[in-house]
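Below is one structure, written out as structure tokens; the observations come after it.
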Amino acid sequence: MRLELLSLQDFRNYERVSLELSPGLNIFVGDNAQGKTNLLEAIYVLSLSKSYRAARDQDLIRHGSLGAVVTGRVRKLAALELGFALSHTDKKRLLVNGKTTTANRFMGNLTTVLFSPDSLQLVKGAPSDRRRFLDIQICQIDSVYRQTLLEYQRVVRQRNSLLKAAQEDRGQLSQLPAWDKQLVHLGTQVMLRRRAVIESLQSYTRALHREISQEKEELELIYQPFFAQGDLAVELSCGQSEQELKAIFRQELARLRREEIRRGCTLAGPQRDDFLFVVNGLDLKKFGSQGQQRSAVLACILAELELMHAETGEYPVVLLDDVMSELDQNRRLQLLSLLNDKAQTIVTTTSLASFSPEMMQRAAVYKIQQGRIA
Ligand SMILES: Nc1ncnc2c1ncn2[C@@H]1O[C@H](COP(=O)(O)OP(=O)(O)OP(=O)(O)O)[C@@H](O)[C@H]1O
Ligand SMILES: [Mg+2]
């Protein structure tokens, strides 16, 4: 899959820009604060219908403008026009081939994998960072998962309101069993899909990581459902059937019931899931060196690419935001050679010095300066 054309109007610091992208390597070079990340963010909103770094959609509108528009032409077998339009007065509009559509139908048309300096936090960061990584990936390839996750999140919110209301009025608790049933049903679907995706990711990370670490290390990804955290994680997290997962979920709800009412929030469920990176039997979050953690993240992101290819038949567009300067020479070369022209790649950088002459030769290079691209 590739993005052939991209245009931005009043998006972040861009007034009006239209560009044609090369199907291979695209390098955007510019000083700090010129619009490099903003450009990748624009591609990202075409992929996922919202930004990964704006607190509100409206922040994406160029200061002083009424609205922002991003459009892109995606080439798979046929061409597809995607549009994203915001204004201060109306609701956000998402368009596929000129027709307004829902976020669920919009997502999945342009698949992307983003690698930024923040991604390097994947191993060390909070469980929520890892859940987000997983969910973004699964949501791009599975519309049923998107729907299930949204419904699950709605059930959690409503169940939380009920728990809060029950602090004042115990009578409210009579409604809890109905919510629990939905929570367990939807939550188990979420867990099953996450577990399956981690298993497939792992089939790629193994080989990739061996290559990145030059055969020295074995990387394993281990799913940690909410009930299997801490030292028991590994023993508890493998292989339960759907029925078994549901039974554990119900047991945990019963065990945590009083605490849930006291705190007014849902304590059991995949909103508390996590996964571990284990190298040669050690948890990298606790025991990994910074270099090992970076190699693991790199393997994981490259695995994401392979997984998306396997599931959709197309490689996603790869967005690399300023990561060249964050990686040492060795990992930089590995990243680019493992990408190996499989996927359209859009890289931003403050300096072209990170790229070999051979790479520069086959890349399309653009200069970004104050929201203008040349
Ligand atoms: N809604 C907006 N309207 C106008 N300008 C904005 C808006 N949002 C952000 N900007 C500006 O866009 C500029 C460029 O931001 P961007 O994050 O793309 O920089 P960058 O080139 O990635 O820089 P760095 O190398 O430091 O990461 C910033 O100066 C920021 O103030
Ligand atoms: Mg930036």
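Convention: chains lettered A, B, ... in structure tokens order; per-chain residue numbering from 1; ligands numbered from 1 as shown.
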- [ ] Please report, as number ranges by chain, each residue of segment 194-329 of chain A to which DSSP assigns alpha helix (DSSP H) when run on this structure's backbone.
- [x] A: 194-212, 233-236, 242-263, 284-287, 290-312, 329
Task: Shell of 7 Å around ligand 2 (only C-alpha atoms and all ligand atoms), written as a PyMOL selection string - done: chain A and resi 32-33+36-37+321-322
List all protein, DNA and RNA residues that have at least one atom no more than 9 Å from any atom of ligand 1, counting only C-alpha atoms and all ligand atoms, and write them as an mmCIF file with N, CA and C atoms, in the first residue's frame.
```cif
data_model
loop_
_atom_site.group_PDB
_atom_site.id
_atom_site.type_symbol
_atom_site.label_atom_id
_atom_site.label_comp_id
_atom_site.auth_asym_id
_atom_site.auth_seq_id
_atom_site.Cartn_x
_atom_site.Cartn_y
_atom_site.Cartn_z
ATOM 1 N N ASP A 10 -4.466 24.345 6.223
ATOM 2 C CA ASP A 10 -4.619 24.878 7.579
ATOM 3 C C ASP A 10 -4.499 23.797 8.657
ATOM 4 N N PHE A 11 -3.586 22.884 8.423
ATOM 5 C CA PHE A 11 -3.332 21.833 9.402
ATOM 6 C C PHE A 11 -2.045 22.181 10.148
ATOM 7 N N ARG A 12 -2.137 22.334 11.513
ATOM 8 C CA ARG A 12 -0.964 22.740 12.318
ATOM 9 C C ARG A 12 -0.286 23.967 11.694
ATOM 10 N N ASN A 13 1.032 23.899 11.425
ATOM 11 C CA ASN A 13 1.671 25.114 10.890
ATOM 12 C C ASN A 13 1.689 25.151 9.355
ATOM 13 N N TYR A 14 0.894 24.288 8.705
ATOM 14 C CA TYR A 14 0.820 24.311 7.232
ATOM 15 C C TYR A 14 -0.398 25.093 6.766
ATOM 16 N N GLU A 15 -0.178 26.010 5.866
ATOM 17 C CA GLU A 15 -1.308 26.755 5.321
ATOM 18 C C GLU A 15 -1.903 25.963 4.165
ATOM 19 N N VAL A 29 13.677 16.662 5.570
ATOM 20 C CA VAL A 29 14.708 17.207 6.436
ATOM 21 C C VAL A 29 14.371 18.648 6.795
ATOM 22 N N GLY A 30 14.614 19.006 8.045
ATOM 23 C CA GLY A 30 14.339 20.379 8.466
ATOM 24 C C GLY A 30 14.810 20.601 9.890
ATOM 25 N N ASP A 31 14.997 21.861 10.256
ATOM 26 C CA ASP A 31 15.402 22.188 11.622
ATOM 27 C C ASP A 31 14.253 21.910 12.577
ATOM 28 N N ASN A 32 14.495 22.144 13.843
ATOM 29 C CA ASN A 32 13.443 21.946 14.843
ATOM 30 C C ASN A 32 12.286 22.917 14.601
ATOM 31 N N ALA A 33 11.101 22.472 14.969
ATOM 32 C CA ALA A 33 9.895 23.310 14.938
ATOM 33 C C ALA A 33 9.519 23.845 13.554
ATOM 34 N N GLN A 34 9.842 23.088 12.501
ATOM 35 C CA GLN A 34 9.510 23.550 11.147
ATOM 36 C C GLN A 34 8.263 22.860 10.602
ATOM 37 N N GLY A 35 7.902 21.709 11.203
ATOM 38 C CA GLY A 35 6.692 21.021 10.736
ATOM 39 C C GLY A 35 6.904 19.570 10.351
ATOM 40 N N LYS A 36 7.999 18.979 10.777
ATOM 41 C CA LYS A 36 8.267 17.584 10.390
ATOM 42 C C LYS A 36 7.277 16.624 11.048
ATOM 43 N N THR A 37 7.145 16.755 12.369
ATOM 44 C CA THR A 37 6.215 15.854 13.061
ATOM 45 C C THR A 37 4.777 16.143 12.627
ATOM 46 N N ASN A 38 4.482 17.412 12.400
ATOM 47 C CA ASN A 38 3.127 17.768 11.952
ATOM 48 C C ASN A 38 2.751 17.054 10.654
ATOM 49 N N LEU A 39 3.726 16.915 9.772
ATOM 50 C CA LEU A 39 3.456 16.260 8.495
ATOM 51 C C LEU A 39 3.118 14.773 8.729
ATOM 52 N N LEU A 40 3.891 14.114 9.573
ATOM 53 C CA LEU A 40 3.602 12.701 9.856
ATOM 54 C C LEU A 40 2.267 12.562 10.588
ATOM 55 N N GLU A 41 1.992 13.540 11.430
ATOM 56 C CA GLU A 41 0.726 13.530 12.161
ATOM 57 C C GLU A 41 -0.450 13.610 11.187
ATOM 58 N N ALA A 54 -2.530 15.109 19.865
ATOM 59 C CA ALA A 54 -3.349 16.281 20.155
ATOM 60 C C ALA A 54 -4.365 15.917 21.233
ATOM 61 N N GLN A 58 -9.374 19.964 17.722
ATOM 62 C CA GLN A 58 -9.273 21.381 17.331
ATOM 63 C C GLN A 58 -7.842 21.914 17.383
ATOM 64 N N ASP A 59 -6.989 21.280 18.178
ATOM 65 C CA ASP A 59 -5.591 21.730 18.233
ATOM 66 C C ASP A 59 -4.888 21.562 16.890
ATOM 67 N N LEU A 60 -5.467 20.729 16.036
ATOM 68 C CA LEU A 60 -4.839 20.475 14.739
ATOM 69 C C LEU A 60 -5.084 21.609 13.746
ATOM 70 N N ILE A 61 -6.085 22.431 14.044
ATOM 71 C CA ILE A 61 -6.419 23.535 13.130
ATOM 72 C C ILE A 61 -5.374 24.637 13.276
ATOM 73 N N ARG A 62 -4.890 25.123 12.144
ATOM 74 C CA ARG A 62 -3.864 26.172 12.197
ATOM 75 C C ARG A 62 -4.396 27.377 12.967
ATOM 76 N N HIS A 63 -3.587 27.930 13.861
ATOM 77 C CA HIS A 63 -4.031 29.055 14.683
ATOM 78 C C HIS A 63 -4.577 30.158 13.790
ATOM 79 N N GLY A 64 -5.757 30.629 14.132
ATOM 80 C CA GLY A 64 -6.346 31.728 13.356
ATOM 81 C C GLY A 64 -7.177 31.268 12.162
ATOM 82 N N SER A 65 -7.241 29.947 11.900
ATOM 83 C CA SER A 65 -8.064 29.484 10.765
ATOM 84 C C SER A 65 -9.372 28.886 11.264
ATOM 85 N N ASP A 321 9.637 9.066 12.732
ATOM 86 C CA ASP A 321 9.791 10.463 13.130
ATOM 87 C C ASP A 321 11.072 10.657 13.920
ATOM 88 N N ASP A 322 12.080 11.157 13.245
ATOM 89 C CA ASP A 322 13.285 11.576 13.943
ATOM 90 C C ASP A 322 13.949 10.454 14.742
ATOM 91 N N THR A 348 11.503 11.530 8.877
ATOM 92 C CA THR A 348 11.884 12.925 9.116
ATOM 93 C C THR A 348 13.220 12.945 9.836
ATOM 94 N N THR A 349 13.970 13.992 9.618
ATOM 95 C CA THR A 349 15.279 14.098 10.252
ATOM 96 C C THR A 349 15.720 15.548 10.287
ATOM 97 N N THR A 350 16.593 15.858 11.248
ATOM 98 C CA THR A 350 17.159 17.208 11.251
ATOM 99 C C THR A 350 18.470 17.234 10.468
ATOM 100 N N ILE A 368 11.844 20.874 4.669
ATOM 101 C CA ILE A 368 10.721 21.528 5.342
ATOM 102 C C ILE A 368 11.219 22.770 6.060
ATOM 103 N N GLN A 369 10.575 23.900 5.770
ATOM 104 C CA GLN A 369 10.942 25.132 6.436
ATOM 105 C C GLN A 369 9.678 25.934 6.711
ATOM 106 N N GLN A 370 9.425 26.176 7.973
ATOM 107 C CA GLN A 370 8.256 26.950 8.401
ATOM 108 C C GLN A 370 6.971 26.580 7.680
ATOM 109 N N GLY A 371 6.687 25.305 7.669
ATOM 110 C CA GLY A 371 5.436 24.863 7.081
ATOM 111 C C GLY A 371 5.398 24.910 5.566
#
```
Task: Backbone DSSP call of strand (DSSP E or B) for segment 161-350 of chain A, listed as a list in words - done: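 Matching residues for strand (DSSP E or B) in segment 161-350 of chain A are Leu219, Glu220, Leu221, Ile222, Tyr223, Gln224, Asp274, Phe275, Leu276, Phe277, Val278, Val279, Leu282, Asp283, Val317, Val318, Leu319, Leu320, Asp321, Thr345, Ile346, Val347, Thr348 and Thr349 of chain A.
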Task: Selected residue of minimal separation from Leu8 of chain A among A:Gln153, A:Ser289, A:Ser116, A:Thr71, counting only C-alpha atoms - done: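 When distances to Leu8 of chain A are compared using only C-alpha atoms, the smallest one comes from A:Thr71.
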Task: Best match for closeness to Leu21 of chain A among A:Ala364, A:Ala247, A:Leu192, A:Ala228, counting only C-alpha atoms - done: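 Using only C-alpha atoms, Leu21 of chain A sits closest to A:Ala364.
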Task: Counting only C-alpha atoms, the residue of A:Ala310, A:Val69, A:Leu6, A:Ile222 that sits nearest Arg195 of chain A - done: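 So, comparing all the options, the nearest one is A:Ile222.
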Open item on the list: Taking only C-alpha atoms into account, name the residue in A:Gln251, A:Ser128, A:Ser7, A:Ser143 that is nearest to Gly83 of chain A.
Closed with: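 Checking each candidate against Gly83 of chain A, we get A:Ser7 as the closest.
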Open item on the list: With distances taken over only C-alpha atoms, which residue among A:Arg154, A:Arg159, A:Lys181, A:Arg146 lies nearest Arg193 of chain A?
Closed with: A:Arg146
Open item on the list: List the spatial neighbours of Val144 of chain A as a list in words - criterion: any atom at most 12 Å away, only C-alpha atoms, same-chain residues fewer than 6 positions off excluded.
Closed with: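 Here the answer would be Asn104, Arg105, Met107, Gly108, Ile138, Leu150, Glu151, Leu186, Gln189, Val190 and Arg193 of chain A.
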Output the selection as a PDB file, in the first residue's frame - N, CA and C atoms for each residue.
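After the write, part37.pdb holds the following:
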```pdb
ATOM      1  N   ASN A 104     -15.164   3.927  12.174  1.00  0.00           N
ATOM      2  CA  ASN A 104     -14.921   2.492  11.992  1.00  0.00           C
ATOM      3  C   ASN A 104     -14.679   2.123  10.522  1.00  0.00           C
ATOM      4  N   ARG A 105     -15.428   2.762   9.620  1.00  0.00           N
ATOM      5  CA  ARG A 105     -15.239   2.468   8.195  1.00  0.00           C
ATOM      6  C   ARG A 105     -14.017   3.183   7.616  1.00  0.00           C
ATOM      7  N   MET A 107     -11.097   3.862   9.254  1.00  0.00           N
ATOM      8  CA  MET A 107      -9.854   3.196   9.647  1.00  0.00           C
ATOM      9  C   MET A 107      -9.643   1.937   8.826  1.00  0.00           C
ATOM     10  N   GLY A 108      -8.378   1.631   8.608  1.00  0.00           N
ATOM     11  CA  GLY A 108      -8.084   0.400   7.874  1.00  0.00           C
ATOM     12  C   GLY A 108      -7.855   0.646   6.391  1.00  0.00           C
ATOM     13  N   ILE A 138      -4.152  -3.570  16.219  1.00  0.00           N
ATOM     14  CA  ILE A 138      -5.270  -4.481  15.936  1.00  0.00           C
ATOM     15  C   ILE A 138      -6.435  -3.713  15.296  1.00  0.00           C
ATOM     16  N   LEU A 150     -14.665  -0.551  21.438  1.00  0.00           N
ATOM     17  CA  LEU A 150     -15.481   0.630  21.735  1.00  0.00           C
ATOM     18  C   LEU A 150     -16.631   0.290  22.662  1.00  0.00           C
ATOM     19  N   GLU A 151     -17.306  -0.824  22.367  1.00  0.00           N
ATOM     20  CA  GLU A 151     -18.435  -1.224  23.212  1.00  0.00           C
ATOM     21  C   GLU A 151     -17.958  -1.576  24.607  1.00  0.00           C
ATOM     22  N   LEU A 186     -17.673  -9.052  26.406  1.00  0.00           N
ATOM     23  CA  LEU A 186     -16.864  -8.211  25.507  1.00  0.00           C
ATOM     24  C   LEU A 186     -15.397  -8.244  25.900  1.00  0.00           C
ATOM     25  N   GLN A 189     -13.548 -11.204  24.607  1.00  0.00           N
ATOM     26  CA  GLN A 189     -13.226 -11.112  23.171  1.00  0.00           C
ATOM     27  C   GLN A 189     -11.976 -10.257  22.969  1.00  0.00           C
ATOM     28  N   VAL A 190     -11.896  -9.151  23.731  1.00  0.00           N
ATOM     29  CA  VAL A 190     -10.724  -8.278  23.627  1.00  0.00           C
ATOM     30  C   VAL A 190      -9.463  -9.049  24.015  1.00  0.00           C
ATOM     31  N   ARG A 193      -8.312 -11.682  21.367  1.00  0.00           N
ATOM     32  CA  ARG A 193      -7.697 -11.109  20.180  1.00  0.00           C
ATOM     33  C   ARG A 193      -6.296 -10.582  20.493  1.00  0.00           C
TER      34      ARG A 193
END
```
TODO: Between atom CA of Thr345 of chain A and atom CA of Leu25 of chain A, measure the distance and give it in Å to one decimal.
DONE: 4.9 Å
- [ ] Tell me which of A:Thr112, A:Gln214, A:Gln158, A:Gln240 sits closest to Gln334 of chain A, counting only C-alpha atoms.
- [x]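 Among the listed residues, the smallest separation from Gln334 of chain A belongs to A:Gln214.
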